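Below: query.txt (compact mmCIF, C-alpha atoms)
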# COMPACT_ATOMS: atom_id res chain seq x y z
CA MET G 5 19.57 3.51 -21.63
CA LYS G 6 17.22 5.76 -19.64
CA VAL G 7 16.56 4.75 -16.05
CA LEU G 8 14.01 6.17 -13.63
CA ILE G 9 14.61 5.40 -9.95
CA VAL G 10 11.54 5.86 -7.77
CA PHE G 11 12.88 6.22 -4.23
CA ALA G 12 10.68 6.02 -1.14
CA HIS G 13 12.54 6.37 2.15
CA PRO G 14 12.26 9.37 4.51
CA GLU G 15 16.00 9.32 5.39
CA PRO G 16 18.52 10.17 2.62
CA ASN G 17 21.31 8.58 4.69
CA SER G 18 19.47 5.28 5.20
CA LEU G 19 20.66 2.07 3.58
CA ASN G 20 17.93 2.60 1.00
CA GLY G 21 19.46 6.00 0.26
CA VAL G 22 22.89 4.37 -0.12
CA MET G 23 21.39 1.82 -2.56
CA LYS G 24 19.67 4.56 -4.55
CA ASP G 25 22.93 6.51 -4.81
CA LEU G 26 24.92 3.38 -5.67
CA ALA G 27 22.47 2.45 -8.42
CA ALA G 28 22.50 5.98 -9.88
CA LYS G 29 26.33 6.19 -9.84
CA THR G 30 26.79 2.71 -11.30
CA LEU G 31 24.32 3.44 -14.10
CA ARG G 32 25.90 6.83 -14.90
CA ASP G 33 29.38 5.26 -14.89
CA ASN G 34 28.01 2.95 -17.59
CA ASP G 35 26.82 5.98 -19.61
CA HIS G 36 23.16 5.46 -18.87
CA GLU G 37 20.89 8.43 -18.18
CA VAL G 38 19.28 8.53 -14.75
CA LYS G 39 16.32 10.44 -13.33
CA ILE G 40 15.28 10.08 -9.70
CA SER G 41 11.85 10.60 -8.18
CA ASP G 42 12.74 11.02 -4.50
CA LEU G 43 9.17 10.90 -3.21
CA TYR G 44 9.87 12.03 0.37
CA SER G 45 12.14 14.91 -0.68
CA MET G 46 9.56 15.96 -3.25
CA ARG G 47 6.90 15.77 -0.52
CA PHE G 48 4.95 13.83 -3.12
CA LYS G 49 1.20 13.88 -2.42
CA ALA G 50 0.37 10.30 -1.43
CA VAL G 51 -3.40 10.49 -1.44
CA LEU G 52 -5.57 10.30 -4.56
CA ASP G 53 -8.49 12.64 -3.92
CA GLN G 54 -10.73 15.35 -5.36
CA ASP G 55 -7.90 17.91 -5.24
CA ASP G 56 -6.15 16.08 -8.10
CA PHE G 57 -8.87 17.14 -10.54
CA SER G 58 -9.32 20.81 -11.44
CA GLN G 59 -11.85 20.02 -14.19
CA ARG G 60 -14.31 17.49 -12.86
CA LYS G 61 -16.39 15.34 -15.20
CA ASP G 62 -18.94 14.84 -12.41
CA ASN G 63 -19.18 17.49 -9.71
CA GLU G 64 -21.69 15.52 -7.63
CA ILE G 65 -20.17 12.11 -7.07
CA PHE G 66 -16.39 11.66 -7.06
CA ASN G 67 -15.50 8.51 -8.99
CA PRO G 68 -11.68 8.41 -9.02
CA MET G 69 -11.23 6.13 -12.06
CA MET G 70 -13.75 8.09 -14.13
CA GLU G 71 -12.08 11.39 -13.26
CA GLN G 72 -8.67 9.91 -14.13
CA VAL G 73 -9.93 8.83 -17.57
CA ASN G 74 -11.42 12.30 -18.07
CA ALA G 75 -8.31 14.17 -16.91
CA VAL G 76 -6.05 12.10 -19.20
CA GLY G 77 -8.42 12.85 -22.09
CA THR G 78 -8.61 16.59 -21.46
CA GLY G 79 -4.97 16.98 -20.40
CA SER G 80 -6.11 18.46 -17.09
CA LEU G 81 -3.96 16.28 -14.83
CA SER G 82 -2.31 18.12 -11.95
CA GLN G 83 1.28 19.15 -12.66
CA ASP G 84 2.95 16.76 -10.18
CA ILE G 85 1.22 13.82 -11.86
CA LYS G 86 2.08 15.10 -15.36
CA ASP G 87 5.76 15.30 -14.35
CA GLU G 88 5.80 11.67 -13.21
CA VAL G 89 3.96 10.49 -16.32
CA GLU G 90 6.62 12.19 -18.46
CA LYS G 91 9.37 10.37 -16.54
CA ILE G 92 7.63 7.01 -17.06
CA LYS G 93 7.28 7.67 -20.79
CA TRP G 94 10.95 8.72 -20.95
CA ALA G 95 12.33 5.68 -19.09
CA ASP G 96 13.45 2.34 -20.51
CA ILE G 97 13.71 0.88 -17.01
CA ILE G 98 11.98 1.85 -13.76
CA ILE G 99 13.69 0.80 -10.53
CA PHE G 100 11.73 1.03 -7.28
CA GLN G 101 13.91 1.45 -4.18
CA PHE G 102 12.10 1.16 -0.84
CA PRO G 103 12.07 -0.35 2.64
CA VAL G 104 9.50 -3.08 3.22
CA TRP G 105 7.13 -1.86 5.90
CA TRP G 106 4.31 -4.24 6.78
CA THR G 107 5.12 -6.50 3.82
CA ALA G 108 4.39 -3.64 1.44
CA PRO G 109 6.06 -0.48 0.13
CA PRO G 110 5.58 2.70 2.21
CA ALA G 111 2.22 4.42 1.63
CA ILE G 112 3.90 7.23 -0.34
CA LEU G 113 4.92 4.70 -3.02
CA ILE G 114 1.48 3.06 -3.08
CA GLY G 115 0.10 6.59 -3.53
CA TRP G 116 2.47 7.22 -6.44
CA ILE G 117 0.96 4.14 -8.13
CA ASP G 118 -2.62 5.22 -7.26
CA ARG G 119 -2.10 8.69 -8.75
CA VAL G 120 0.41 8.16 -11.59
CA PHE G 121 -0.45 4.74 -13.05
CA LEU G 122 -3.36 6.17 -15.00
CA PRO G 123 -5.90 4.52 -17.30
CA GLY G 124 -4.96 5.54 -20.84
CA VAL G 125 -1.30 5.89 -19.80
CA VAL G 126 -0.28 2.49 -18.38
CA HIS G 127 -3.26 0.36 -19.45
CA ASN G 128 -6.60 0.63 -21.15
CA ILE G 129 -8.67 -2.02 -19.45
CA ALA G 130 -11.84 -0.84 -21.20
CA GLU G 131 -10.20 -1.79 -24.52
CA GLY G 132 -8.56 -4.92 -23.07
CA LYS G 133 -5.08 -3.38 -23.16
CA MET G 134 -3.34 -4.93 -20.17
CA TYR G 135 -0.66 -7.52 -19.43
CA ASP G 136 0.80 -8.53 -22.87
CA THR G 137 -0.87 -5.50 -24.43
CA GLY G 138 -0.32 -3.07 -21.54
CA LEU G 139 0.69 0.41 -22.62
CA LEU G 140 4.15 0.23 -20.98
CA ARG G 141 5.23 -2.86 -22.94
CA GLY G 142 8.82 -2.66 -24.18
CA LYS G 143 9.96 -1.16 -20.88
CA LYS G 144 11.42 -3.03 -17.91
CA THR G 145 11.15 -2.69 -14.16
CA MET G 146 12.77 -4.00 -10.99
CA LEU G 147 12.03 -3.90 -7.28
CA SER G 148 14.95 -3.22 -4.93
CA PHE G 149 14.15 -3.28 -1.24
CA THR G 150 15.37 -3.83 2.31
CA THR G 151 13.52 -5.81 4.98
CA GLY G 152 13.50 -5.86 8.75
CA ALA G 153 13.24 -9.66 8.92
CA THR G 154 15.93 -12.04 7.71
CA ARG G 155 15.60 -14.23 4.64
CA ASP G 156 14.67 -17.40 6.58
CA ILE G 157 11.70 -15.57 8.15
CA TYR G 158 10.64 -14.65 4.59
CA SER G 159 11.18 -18.16 3.16
CA SER G 160 8.31 -20.40 2.06
CA GLU G 161 8.69 -22.35 5.33
CA GLY G 162 9.16 -19.22 7.46
CA PRO G 163 6.37 -17.48 9.40
CA HIS G 164 6.04 -14.62 6.89
CA GLY G 165 6.21 -16.77 3.72
CA ASP G 166 8.23 -16.28 0.50
CA LEU G 167 8.44 -12.56 -0.15
CA ASP G 168 8.89 -12.96 -3.92
CA GLU G 169 5.57 -14.87 -3.95
CA ILE G 170 3.84 -12.33 -1.70
CA PHE G 171 5.12 -9.45 -3.85
CA LYS G 172 3.28 -10.80 -6.90
CA PHE G 173 0.59 -8.32 -5.91
CA ILE G 174 3.14 -5.75 -7.05
CA THR G 175 5.17 -7.60 -9.70
CA HIS G 176 2.19 -9.25 -11.42
CA ASN G 177 -0.98 -7.33 -10.50
CA ILE G 178 0.54 -3.87 -10.73
CA LEU G 179 3.66 -3.98 -12.91
CA GLU G 180 3.01 -6.80 -15.39
CA LEU G 181 -0.56 -5.55 -15.83
CA THR G 182 0.91 -2.41 -17.44
CA GLY G 183 2.98 -4.53 -19.86
CA LEU G 184 6.26 -3.91 -18.03
CA GLU G 185 8.79 -6.74 -18.13
CA VAL G 186 9.60 -7.46 -14.48
CA LEU G 187 13.22 -8.33 -13.72
CA ASP G 188 14.19 -10.36 -10.63
CA SER G 189 13.83 -8.32 -7.45
CA PHE G 190 16.87 -7.45 -5.35
CA GLY G 191 16.07 -7.94 -1.67
CA LEU G 192 18.55 -6.99 1.03
CA TYR G 193 17.17 -8.99 3.95
CA GLY G 194 17.65 -8.06 7.60
CA PRO G 195 20.49 -5.51 7.26
CA ALA G 196 20.04 -4.54 10.92
CA VAL G 197 20.58 -8.15 11.99
CA ILE G 198 23.33 -9.47 9.68
CA SER G 199 26.97 -8.35 10.03
CA LYS G 200 28.39 -5.17 8.48
CA GLU G 201 30.60 -7.39 6.31
CA GLN G 202 27.52 -9.21 5.01
CA VAL G 203 25.80 -5.89 4.24
CA LYS G 204 28.90 -4.86 2.28
CA GLU G 205 28.78 -8.12 0.33
CA GLU G 206 25.09 -7.60 -0.41
CA LEU G 207 25.84 -4.09 -1.71
CA GLU G 208 28.54 -5.59 -3.99
CA LYS G 209 25.93 -8.04 -5.33
CA PHE G 210 23.54 -5.16 -5.81
CA LYS G 211 26.16 -3.23 -7.80
CA GLU G 212 26.72 -6.30 -10.01
CA THR G 213 22.98 -6.58 -10.55
CA ILE G 214 22.78 -2.92 -11.61
CA ASN G 215 25.88 -3.33 -13.79
CA SER G 216 24.21 -6.17 -15.65
CA LEU G 217 21.09 -4.18 -16.56
CA MET Z 18 -19.50 -5.66 21.21
CA LYS Z 19 -17.30 -2.73 20.21
CA VAL Z 20 -16.62 -2.31 16.51
CA LEU Z 21 -14.16 0.02 14.80
CA ILE Z 22 -14.77 0.63 11.09
CA VAL Z 23 -11.75 2.01 9.25
CA PHE Z 24 -13.14 3.58 6.08
CA ALA Z 25 -10.96 4.65 3.16
CA HIS Z 26 -12.88 6.09 0.22
CA PRO Z 27 -12.77 9.75 -0.85
CA GLU Z 28 -16.49 9.84 -1.74
CA PRO Z 29 -19.03 9.49 1.11
CA ASN Z 30 -21.77 8.64 -1.42
CA SER Z 31 -19.78 5.86 -3.08
CA LEU Z 32 -20.80 2.20 -2.78
CA ASN Z 33 -18.05 1.89 -0.15
CA GLY Z 34 -19.75 4.71 1.75
CA VAL Z 35 -23.08 2.88 1.48
CA MET Z 36 -21.44 -0.30 2.82
CA LYS Z 37 -19.83 1.57 5.72
CA ASP Z 38 -23.19 3.13 6.66
CA LEU Z 39 -25.02 -0.20 6.26
CA ALA Z 40 -22.49 -1.94 8.51
CA ALA Z 41 -22.68 0.79 11.17
CA LYS Z 42 -26.52 0.84 11.16
CA THR Z 43 -26.79 -2.97 11.25
CA LEU Z 44 -24.35 -3.19 14.14
CA ARG Z 45 -26.06 -0.42 16.13
CA ASP Z 46 -29.46 -2.05 15.51
CA ASN Z 47 -27.96 -5.12 17.18
CA ASP Z 48 -26.91 -2.98 20.18
CA HIS Z 49 -23.23 -3.00 19.34
CA GLU Z 50 -21.12 0.12 19.81
CA VAL Z 51 -19.53 1.54 16.66
CA LYS Z 52 -16.71 3.99 16.08
CA ILE Z 53 -15.68 5.03 12.57
CA SER Z 54 -12.30 6.25 11.39
CA ASP Z 55 -13.23 7.94 8.12
CA LEU Z 56 -9.68 8.49 6.90
CA TYR Z 57 -10.47 10.82 3.99
CA SER Z 58 -12.88 13.00 6.00
CA MET Z 59 -10.30 13.16 8.81
CA ARG Z 60 -7.67 14.11 6.22
CA PHE Z 61 -5.60 11.45 7.94
CA LYS Z 62 -1.87 11.95 7.34
CA ALA Z 63 -0.88 9.03 5.12
CA VAL Z 64 2.88 9.38 5.22
CA LEU Z 65 5.09 8.16 8.08
CA ASP Z 66 7.89 10.71 8.37
CA GLN Z 67 10.01 12.80 10.74
CA ASP Z 68 7.05 15.09 11.53
CA ASP Z 69 5.42 12.26 13.51
CA PHE Z 70 8.11 12.48 16.20
CA SER Z 71 8.38 15.58 18.39
CA GLN Z 72 10.99 13.96 20.68
CA ARG Z 73 13.56 12.22 18.53
CA LYS Z 74 15.75 9.47 19.93
CA ASP Z 75 18.29 10.15 17.17
CA ASN Z 76 18.38 13.62 15.65
CA GLU Z 77 20.96 12.70 13.00
CA ILE Z 78 19.60 9.65 11.20
CA PHE Z 79 15.84 9.05 11.01
CA ASN Z 80 15.14 5.36 11.63
CA PRO Z 81 11.32 5.08 11.58
CA MET Z 82 11.02 1.81 13.56
CA MET Z 83 13.47 2.99 16.24
CA GLU Z 84 11.63 6.30 16.63
CA GLN Z 85 8.31 4.43 16.87
CA VAL Z 86 9.65 2.22 19.67
CA ASN Z 87 10.97 5.33 21.44
CA ALA Z 88 7.75 7.35 21.01
CA VAL Z 89 5.63 4.47 22.36
CA GLY Z 90 7.97 4.21 25.34
CA THR Z 91 7.99 7.94 26.14
CA GLY Z 92 4.32 8.50 25.27
CA SER Z 93 5.34 11.15 22.74
CA LEU Z 94 3.27 9.85 19.81
CA SER Z 95 1.51 12.53 17.80
CA GLN Z 96 -2.11 13.06 18.82
CA ASP Z 97 -3.69 11.68 15.62
CA ILE Z 98 -1.81 8.42 16.11
CA LYS Z 99 -2.69 8.26 19.83
CA ASP Z 100 -6.38 8.65 18.93
CA GLU Z 101 -6.25 5.70 16.53
CA VAL Z 102 -4.32 3.54 19.00
CA GLU Z 103 -7.04 4.20 21.60
CA LYS Z 104 -9.73 3.08 19.12
CA ILE Z 105 -7.82 -0.14 18.38
CA LYS Z 106 -7.46 -0.89 22.08
CA TRP Z 107 -11.18 -0.16 22.60
CA ALA Z 108 -12.42 -2.36 19.72
CA ASP Z 109 -13.35 -6.04 19.81
CA ILE Z 110 -13.58 -6.11 16.01
CA ILE Z 111 -11.92 -3.93 13.37
CA ILE Z 112 -13.62 -3.81 9.94
CA PHE Z 113 -11.69 -2.31 7.03
CA GLN Z 114 -13.94 -0.89 4.27
CA PHE Z 115 -12.13 0.17 1.09
CA PRO Z 116 -12.07 0.04 -2.70
CA VAL Z 117 -9.37 -2.16 -4.22
CA TRP Z 118 -7.10 0.10 -6.24
CA TRP Z 119 -4.18 -1.65 -7.91
CA THR Z 120 -4.84 -4.90 -5.98
CA ALA Z 121 -4.22 -3.06 -2.71
CA PRO Z 122 -6.03 -0.69 -0.35
CA PRO Z 123 -5.73 3.04 -1.11
CA ALA Z 124 -2.46 4.59 0.10
CA ILE Z 125 -4.26 6.40 2.94
CA LEU Z 126 -5.13 3.01 4.50
CA ILE Z 127 -1.62 1.63 4.00
CA GLY Z 128 -0.39 4.81 5.70
CA TRP Z 129 -2.77 4.21 8.62
CA ILE Z 130 -1.09 0.81 9.08
CA ASP Z 131 2.42 2.31 8.69
CA ARG Z 132 1.75 4.95 11.36
CA VAL Z 133 -0.71 3.29 13.79
CA PHE Z 134 0.34 -0.37 13.89
CA LEU Z 135 3.19 0.37 16.27
CA PRO Z 136 5.82 -1.88 17.80
CA GLY Z 137 4.88 -2.27 21.45
CA VAL Z 138 1.21 -1.75 20.59
CA VAL Z 139 0.33 -4.43 18.01
CA HIS Z 140 3.44 -6.66 18.25
CA ASN Z 141 6.77 -6.86 19.97
CA ILE Z 142 8.97 -8.60 17.40
CA ALA Z 143 12.09 -7.98 19.51
CA GLU Z 144 10.52 -10.18 22.23
CA GLY Z 145 9.02 -12.64 19.73
CA LYS Z 146 5.47 -11.41 20.34
CA MET Z 147 3.77 -11.84 16.98
CA TYR Z 148 1.21 -14.11 15.31
CA ASP Z 149 -0.15 -16.37 18.11
CA THR Z 150 1.39 -14.05 20.70
CA GLY Z 151 0.69 -10.77 18.90
CA LEU Z 152 -0.50 -7.97 21.16
CA LEU Z 153 -3.97 -7.73 19.55
CA ARG Z 154 -4.87 -11.37 20.22
CA GLY Z 155 -8.44 -11.80 21.41
CA LYS Z 156 -9.69 -9.25 18.89
CA LYS Z 157 -11.09 -9.96 15.41
CA THR Z 158 -10.87 -8.26 12.05
CA MET Z 159 -12.46 -8.40 8.61
CA LEU Z 160 -11.76 -6.90 5.21
CA SER Z 161 -14.72 -5.55 3.25
CA PHE Z 162 -13.97 -4.21 -0.20
CA THR Z 163 -15.17 -3.47 -3.70
CA THR Z 164 -13.25 -4.23 -6.89
CA GLY Z 165 -13.26 -2.90 -10.42
CA ALA Z 166 -12.81 -6.34 -11.97
CA THR Z 167 -15.37 -9.13 -11.76
CA ARG Z 168 -14.90 -12.27 -9.68
CA ASP Z 169 -13.82 -14.46 -12.65
CA ILE Z 170 -10.98 -12.05 -13.41
CA TYR Z 171 -9.93 -12.44 -9.75
CA SER Z 172 -10.28 -16.26 -9.71
CA SER Z 173 -7.29 -18.60 -9.48
CA GLU Z 174 -7.60 -19.23 -13.24
CA GLY Z 175 -8.24 -15.57 -14.09
CA PRO Z 176 -5.57 -13.09 -15.22
CA HIS Z 177 -5.36 -11.35 -11.83
CA GLY Z 178 -5.38 -14.51 -9.66
CA ASP Z 179 -7.41 -15.34 -6.52
CA LEU Z 180 -7.79 -12.13 -4.55
CA ASP Z 181 -8.19 -13.91 -1.19
CA GLU Z 182 -4.80 -15.54 -1.83
CA ILE Z 183 -3.22 -12.27 -2.97
CA PHE Z 184 -4.61 -10.45 0.07
CA LYS Z 185 -2.69 -12.74 2.42
CA PHE Z 186 -0.12 -9.94 2.44
CA ILE Z 187 -2.79 -8.09 4.43
CA THR Z 188 -4.70 -10.88 6.19
CA HIS Z 189 -1.62 -12.91 7.21
CA ASN Z 190 1.43 -10.63 7.10
CA ILE Z 191 -0.25 -7.57 8.56
CA LEU Z 192 -3.35 -8.63 10.51
CA GLU Z 193 -2.53 -12.13 11.77
CA LEU Z 194 0.97 -10.95 12.69
CA THR Z 195 -0.62 -8.71 15.32
CA GLY Z 196 -2.56 -11.66 16.78
CA LEU Z 197 -5.90 -10.57 15.27
CA GLU Z 198 -8.28 -13.37 14.29
CA VAL Z 199 -9.08 -12.73 10.64
CA LEU Z 200 -12.67 -13.43 9.56
CA ASP Z 201 -13.57 -14.23 5.94
CA SER Z 202 -13.33 -11.16 3.73
CA PHE Z 203 -16.44 -9.72 2.06
CA GLY Z 204 -15.63 -8.79 -1.53
CA LEU Z 205 -18.18 -7.02 -3.72
CA TYR Z 206 -16.73 -7.75 -7.14
CA GLY Z 207 -17.28 -5.57 -10.20
CA PRO Z 208 -20.26 -3.48 -8.99
CA ALA Z 209 -19.88 -1.20 -12.03
CA VAL Z 210 -20.24 -4.19 -14.36
CA ILE Z 211 -22.91 -6.39 -12.72
CA SER Z 212 -26.61 -5.39 -12.67
CA LYS Z 213 -28.16 -3.08 -10.07
CA GLU Z 214 -30.23 -6.05 -8.91
CA GLN Z 215 -27.06 -8.07 -8.34
CA VAL Z 216 -25.49 -5.20 -6.38
CA LYS Z 217 -28.63 -5.11 -4.20
CA GLU Z 218 -28.35 -8.86 -3.59
CA GLU Z 219 -24.68 -8.46 -2.66
CA LEU Z 220 -25.59 -5.72 -0.17
CA GLU Z 221 -28.17 -8.07 1.37
CA LYS Z 222 -25.45 -10.71 1.74
CA PHE Z 223 -23.18 -8.10 3.28
CA LYS Z 224 -25.89 -7.16 5.80
CA GLU Z 225 -26.28 -10.85 6.73
CA THR Z 226 -22.52 -11.13 7.18
CA ILE Z 227 -22.49 -8.12 9.51
CA ASN Z 228 -25.54 -9.45 11.36
CA SER Z 229 -23.73 -12.70 12.05
CA LEU Z 230 -20.69 -11.03 13.64
What do you get writing this file as structure tokens?
Amino acid sequence: MKVLIVFAHPEPNSLNGVMKDLAAKTLRDNDHEVKISDLYSMRFKAVLDQDDFSQRKDNEIFNPMMEQVNAVGTGSLSQDIKDEVEKIKWADIIIFQFPVWWTAPPAILIGWIDRVFLPGVVHNIAEGKMYDTGLLRGKKTMLSFTTGATRDIYSSEGPHGDLDEIFKFITHNILELTGLEVLDSFGLYGPAVISKEQVKEELEKFKETINSL
Amino acid sequence: MKVLIVFAHPEPNSLNGVMKDLAAKTLRDNDHEVKISDLYSMRFKAVLDQDDFSQRKDNEIFNPMMEQVNAVGTGSLSQDIKDEVEKIKWADIIIFQFPVWWTAPPAILIGWIDRVFLPGVVHNIAEGKMYDTGLLRGKKTMLSFTTGATRDIYSSEGPHGDLDEIFKFITHNILELTGLEVLDSFGLYGPAVISKEQVKEELEKFKETINSL
């Protein structure tokens, strides 16, 4: 199996870094192939803008979606985007590893979606190819994240609400729209608040989850 | 009244640009003061990373939240962040104007939140100051956005789901958490699909909405 891990934390030695390394090792121990897009280390460009398009369809008004369609058609995508598209096409499973900041992934990961999840590559909305007919169908994906708040704060009765529900903007509106099969998320809640022993137990659970992929 | 418009579209002549200008003109015609953070024109740094902190609390491991708390305490925030914090403190209302890309704001706006919505400035979770006791209480906010898909696609029965519900990750988990009073969002749905006449009518409605602030 071919697994792409998209990793978005600025500190390699963070708990997110430990989880990324643990996932990669566990997968390789099981004879799976692993590629990692370490967005911070790559200094991945987070912002979709005019600089992404060397051959503009319209030099007057910049319409991002129209330029994306054009660049996919002419093969004039910038190299950093091409590289990520190749990894997506290569992968059977895409794992996203990130800290939850402001109930969302860090901007660098949102920017990876903005720039890499291209029309004609992950969907073709103009031709109705999305969700069940999305262009990434047959592949799987999984969110793996840490939070600042504990699980009770993120429960349906808690002040923040149920994070799995809130994250449907990612799991449904982004990932399922492309045809990806979305596996259950792995959330490590409140690692700074729970005991070290509990963090260790959570990492064991995470390893089991990765083992069962 | 003092109004901050945070604008996140790469094309000044886009419909989002038109809406930003219409809001600013309408407000000024009503004798309100307006400041605009045009994130793309400012080339606002979207990515929260080590470079934001000239005086690190911990030089070994980079813990973003801990460094934010420290930088707020020592006054060592980077200048671009300080400038935005000043605008937030100045404003009575913050309007966010953006295109919906992938059921979320563009990464540059998520990055503005990641970097500018600082502990000790917008909340103090350690002391329980959030939601009703968030540090921005007394101020108001409003989302104004355009979408690619039409309103029926974004209805509760549509394939994408109800966008106002989905956007609770912004309106509740980000904005209300800081104590901001969140006004009804203004969504201009599917401007590329509906008629020019309909877009004009929507802009009239938008002007009325801004007039009634």
> Near chain G, which residues of chain Z fall within 10 Å when you count only C-alpha atoms, and what do they look like as a ChimeraX atom specification?
Replying inline: /Z:26-31,57,60-67,77-82,118-132,134,142,147-148,165-166,176-178,180,182-187,189-192,194
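CA of Asp201 in chain Z is found 7.6 Å from CA of Leu160 in chain Z.
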> So which residues touch Glu84 in chain Z within 12 Å, counting all atoms listed in the file, skipping near sequence neighbours fewer than 6 positions away, as a PyMOL selection string?
Replying inline: chain Z and resi 65-78+90-95+132+135-137
Enclose the full set of atoms of range 141-151 of chain Z listed in the file within a box whose edges lie along x, y and z, apply 5 Å of padding to each of the six sides, and report centre and edge lengths in Å to one decimal as JSON.
{"center_x": 6.0, "center_y": -11.6, "center_z": 18.8, "size_x": 22.2, "size_y": 19.5, "size_z": 16.9}
Kindly reconstruct range 62-73 of chain G with N, CA, C and O atoms and present the result as a PDB file, in the coordinates of the input.
ATOM      1  N   ASP G  62     -17.718  14.927 -13.213  1.00  0.00           N
ATOM      2  CA  ASP G  62     -18.940  14.840 -12.410  1.00  0.00           C
ATOM      3  C   ASP G  62     -18.687  15.588 -11.105  1.00  0.00           C
ATOM      4  O   ASP G  62     -17.847  15.190 -10.313  1.00  0.00           O
ATOM      5  N   ASN G  63     -19.401  16.691 -10.916  1.00  0.00           N
ATOM      6  CA  ASN G  63     -19.180  17.490  -9.710  1.00  0.00           C
ATOM      7  C   ASN G  63     -19.966  16.994  -8.507  1.00  0.00           C
ATOM      8  O   ASN G  63     -19.777  17.490  -7.395  1.00  0.00           O
ATOM      9  N   GLU G  64     -20.859  16.033  -8.728  1.00  0.00           N
ATOM     10  CA  GLU G  64     -21.690  15.520  -7.630  1.00  0.00           C
ATOM     11  C   GLU G  64     -20.978  14.382  -6.907  1.00  0.00           C
ATOM     12  O   GLU G  64     -20.645  14.485  -5.736  1.00  0.00           O
ATOM     13  N   ILE G  65     -20.782  13.302  -7.652  1.00  0.00           N
ATOM     14  CA  ILE G  65     -20.170  12.110  -7.070  1.00  0.00           C
ATOM     15  C   ILE G  65     -18.737  12.005  -7.579  1.00  0.00           C
ATOM     16  O   ILE G  65     -18.494  12.101  -8.790  1.00  0.00           O
ATOM     17  N   PHE G  66     -17.784  11.794  -6.662  1.00  0.00           N
ATOM     18  CA  PHE G  66     -16.390  11.660  -7.060  1.00  0.00           C
ATOM     19  C   PHE G  66     -16.054  10.190  -7.314  1.00  0.00           C
ATOM     20  O   PHE G  66     -15.950   9.400  -6.384  1.00  0.00           O
ATOM     21  N   ASN G  67     -15.901   9.854  -8.581  1.00  0.00           N
ATOM     22  CA  ASN G  67     -15.500   8.510  -8.990  1.00  0.00           C
ATOM     23  C   ASN G  67     -14.057   8.605  -9.498  1.00  0.00           C
ATOM     24  O   ASN G  67     -13.813   9.118 -10.596  1.00  0.00           O
ATOM     25  N   PRO G  68     -13.094   8.168  -8.698  1.00  0.00           N
ATOM     26  CA  PRO G  68     -11.680   8.410  -9.020  1.00  0.00           C
ATOM     27  C   PRO G  68     -11.271   7.925 -10.411  1.00  0.00           C
ATOM     28  O   PRO G  68     -10.640   8.669 -11.168  1.00  0.00           O
ATOM     29  N   MET G  69     -11.626   6.675 -10.757  1.00  0.00           N
ATOM     30  CA  MET G  69     -11.230   6.130 -12.060  1.00  0.00           C
ATOM     31  C   MET G  69     -11.826   6.944 -13.211  1.00  0.00           C
ATOM     32  O   MET G  69     -11.153   7.246 -14.191  1.00  0.00           O
ATOM     33  N   MET G  70     -13.107   7.321 -13.068  1.00  0.00           N
ATOM     34  CA  MET G  70     -13.750   8.090 -14.130  1.00  0.00           C
ATOM     35  C   MET G  70     -13.095   9.459 -14.289  1.00  0.00           C
ATOM     36  O   MET G  70     -12.884   9.939 -15.408  1.00  0.00           O
ATOM     37  N   GLU G  71     -12.739  10.078 -13.181  1.00  0.00           N
ATOM     38  CA  GLU G  71     -12.080  11.390 -13.260  1.00  0.00           C
ATOM     39  C   GLU G  71     -10.668  11.257 -13.830  1.00  0.00           C
ATOM     40  O   GLU G  71     -10.186  12.151 -14.527  1.00  0.00           O
ATOM     41  N   GLN G  72     -10.006  10.132 -13.542  1.00  0.00           N
ATOM     42  CA  GLN G  72      -8.670   9.910 -14.130  1.00  0.00           C
ATOM     43  C   GLN G  72      -8.770   9.784 -15.645  1.00  0.00           C
ATOM     44  O   GLN G  72      -7.991  10.399 -16.379  1.00  0.00           O
ATOM     45  N   VAL G  73      -9.738   8.992 -16.118  1.00  0.00           N
ATOM     46  CA  VAL G  73      -9.930   8.830 -17.570  1.00  0.00           C
ATOM     47  C   VAL G  73     -10.194  10.198 -18.199  1.00  0.00           C
ATOM     48  O   VAL G  73      -9.608  10.558 -19.229  1.00  0.00           O
TER      49      VAL G  73
END
